[in-house]
Amino acid sequence: MANVGTVGTPGASFYLITHGRVITFGEEHRIIEDGAVAVDGSVIHDVGTTQELVARYPDVPHVDARGQIVMPGLIVAHTHFYGTFARGMYIPGPPMKNFLEILARLWWQLDRSLDEEGVRYSALVPIVDAIRHGATTLFDHHASNRFVDGSLDVIADVVLESGVRACLCYEVTDRDGPAVTEAGIRENVRFIKRVRHEQHPRLAATFGLHAGLTLSDETLERCAAEAESLGNVGFHIHVAEGPFDQDHTLETYGVRAVERLYQHRILGPDTIVAHAIDIDAWEMALLRETGTWVSHQPRSNMNNAVGVADIPTMLRGGMKVVLGNDGFSNNMFTEMHVAYLVHKVHRGDPRAMPADQVLRMQFFNNARLATHFFSRPVGELTPGAFADIIFLDYDPPTPLTVDNLPWHIIFGVDGTRVTSTIVGGRFLMRDGELLTLDEEAIMARAREVARQTWERFWELSKG
């Protein structure tokens, strides 16, 4: 198959990935048997068959994919690095019976327990997980109310050290008093200015907000005004993550959750709202009309028993629905599998959420989201796009085509099959070996830092 064009003149850091089953995604979505990708620095220069590209670039180094799938790295539209140390943690008291108790007894205590080193290692661990499972771009939503000022710099340092691509924010909330509220606002503004000044191709920023249930009208107005003063800044916020948020908003403010955010100028094409489970048709219309991104996290929603968002209707209406994980593992193939299944059970209809719609969220909509926040196309193997690429060791027992690819991914592919991960043309993992991070040392120190974090958590729980 002919290539789709080239970009510029090859530079010194130019190489070919050859002999792969190349899945491009993008507008000209195709599968190229015995395909090749030419990488020039941080971007893709050319795509075609191995025969074509070897003939076109005869004297450049080759990386032999050995028949593996070569495809774009995965994008995580909403995650929480800071939740890492919740894994295996004992939570005093009886089991938590609803989402509000989960927030109050787990997450709001955990974010008060993290110090600077806790923030660093709670970011390192999920980034190792991301590299191992082929997640190359992550939209993180951070909270550490014990350590606010400079917390996003700590995470950004981990992002840059590791080699992944990330969009960061700090969640502003009123739940810990005005000093913490002010610190959260200050941290978002400072970090947004830093990202704009440095213009690093692997860092982006949004203005983080927790959720309407912990934000007063005054704080929402303050954040909206700060964002407007910066110009073209969107928000990253949880919305209607179960009935409590909606009930609280109606009882306190007399409007529904999405309508309240609209009134305070929070929605728009630069804003991501996570969950949007308990919303009605008019709220869907507002999200659609404002061009707001809606992030779906089925594993988390099932775990918290908060309901199932009406994603099939949102997609049918052309809403910008993307897929995140809310801090679950960065094996986004698993998130796709769950998204495929949960809507069938919820609707009692095996036709609900077919595999092609799941892939549209993960590989097309998530790519649009990442491209919106970074300086060039992300999430596709096309000339001019960032060279964020993964190799998958998947040898299908049946034919693989563009038409049946969604069902191969749902029923045959898992993130544990990722063997190599590339971001911006740089190998972060090659043949299962991490190249930018010392996984053994990170996990050993993380266990020590987690124990210290748990001790602070238990002390807070006694209060």
# chains A, B, ... in the order shown; residues from 1 in each chain; ligands from 1
>>> residues_around(residues="Leu215 of chain A", least_positions_apart="5", cutoff="7 Å", atoms="only C-alpha atoms", output="short mmCIF file (atom, residue, chain, number, x, y, z; two decimals) with N, CA and C atoms, in the first residue's frame")
data_model
loop_
_atom_site.label_atom_id
_atom_site.label_comp_id
_atom_site.auth_asym_id
_atom_site.auth_seq_id
_atom_site.Cartn_x
_atom_site.Cartn_y
_atom_site.Cartn_z
N THR A 173 -10.48 22.31 46.10
CA THR A 173 -11.62 21.90 46.90
C THR A 173 -11.74 22.81 48.10
N ASP A 174 -12.94 22.93 48.62
CA ASP A 174 -13.18 23.69 49.86
C ASP A 174 -13.21 22.79 51.08
N LEU A 220 -15.96 28.48 42.73
CA LEU A 220 -16.11 28.27 41.29
C LEU A 220 -15.90 29.57 40.52
#
>>> closest_atom_pairs(of="segment 189-269 of chain A", to="segment 114-137 of chain A", cutoff="12 Å", atoms="only C-alpha atoms", output="JSON lines")
{"residue": "A:Pro201", "atom": "CA", "partner": "A:Thr137", "partner_atom": "CA", "distance": 11.5}
{"residue": "A:Arg202", "atom": "CA", "partner": "A:Thr137", "partner_atom": "CA", "distance": 8.5}
{"residue": "A:Leu203", "atom": "CA", "partner": "A:Thr137", "partner_atom": "CA", "distance": 9.7}
{"residue": "A:Ala204", "atom": "CA", "partner": "A:Thr137", "partner_atom": "CA", "distance": 10.5}
>>> select_by_dssp(residues="segment 239-404 of chain A", states="alpha helix (DSSP H)", output="number ranges by chain")
A: 243-253, 257-263, 281-289, 298-304, 311-316, 332-347, 355-359, 366-373
>>> select_by_dssp(residues="segment 17-184 of chain A", states="strand (DSSP E)", output="MDAnalysis selection string")
chainID A and resid 17:23 31:40 43:49 62:64 69:72 74:79 135:140 165:168
>>> atom_distance(atom1="atom CA of Ala450 of chain A", atom2="atom CA of Leu209 of chain A")
25.6 Å
>>> atom_distance(atom1="atom CA of Val154 of chain A", atom2="atom CA of Glu182 of chain A")
19.2 Å
>>> atom_distance(atom1="atom CA of Glu228 of chain A", atom2="atom CA of Asp140 of chain A")
21.8 Å
>>> residues_around(residues="Thr313 of chain A", least_positions_apart="3", cutoff="12 Å", atoms="only C-alpha atoms", output="number ranges by chain")
A: 277, 279-281, 284-285, 288, 308-310, 316-321, 343, 347, 352-353, 357
>>> closest_atom_pairs(of="segment 61-97 of chain A", to="segment 155-163 of chain A", cutoff="12 Å", atoms="only C-alpha atoms", output="JSON lines")
{"residue": "A:His80", "atom": "CA", "partner": "A:Ile155", "partner_atom": "CA", "distance": 11.4}
{"residue": "A:Phe81", "atom": "CA", "partner": "A:Ile155", "partner_atom": "CA", "distance": 8.9}
{"residue": "A:Tyr82", "atom": "CA", "partner": "A:Ile155", "partner_atom": "CA", "distance": 9.8}
>>> write_last_selection(atoms="N, CA and C atoms", output="PDB file, in the first residue's frame")
ATOM      1  N   HIS A  80      -5.769   8.985  38.451  1.00  0.00           N
ATOM      2  CA  HIS A  80      -5.300   9.578  39.713  1.00  0.00           C
ATOM      3  C   HIS A  80      -4.045   8.834  40.150  1.00  0.00           C
ATOM      4  N   PHE A  81      -2.878   9.387  39.862  1.00  0.00           N
ATOM      5  CA  PHE A  81      -1.645   8.772  40.347  1.00  0.00           C
ATOM      6  C   PHE A  81      -1.656   8.668  41.873  1.00  0.00           C
ATOM      7  N   TYR A  82      -2.214   9.687  42.526  1.00  0.00           N
ATOM      8  CA  TYR A  82      -2.073   9.784  43.983  1.00  0.00           C
ATOM      9  C   TYR A  82      -2.764   8.636  44.719  1.00  0.00           C
TER      10      TYR A  82
END
>>> closest_residue(among="A:Met336, A:Glu283, A:Val76, A:Tyr15", to="Tyr57 of chain A", atoms="only C-alpha atoms")
A:Tyr15
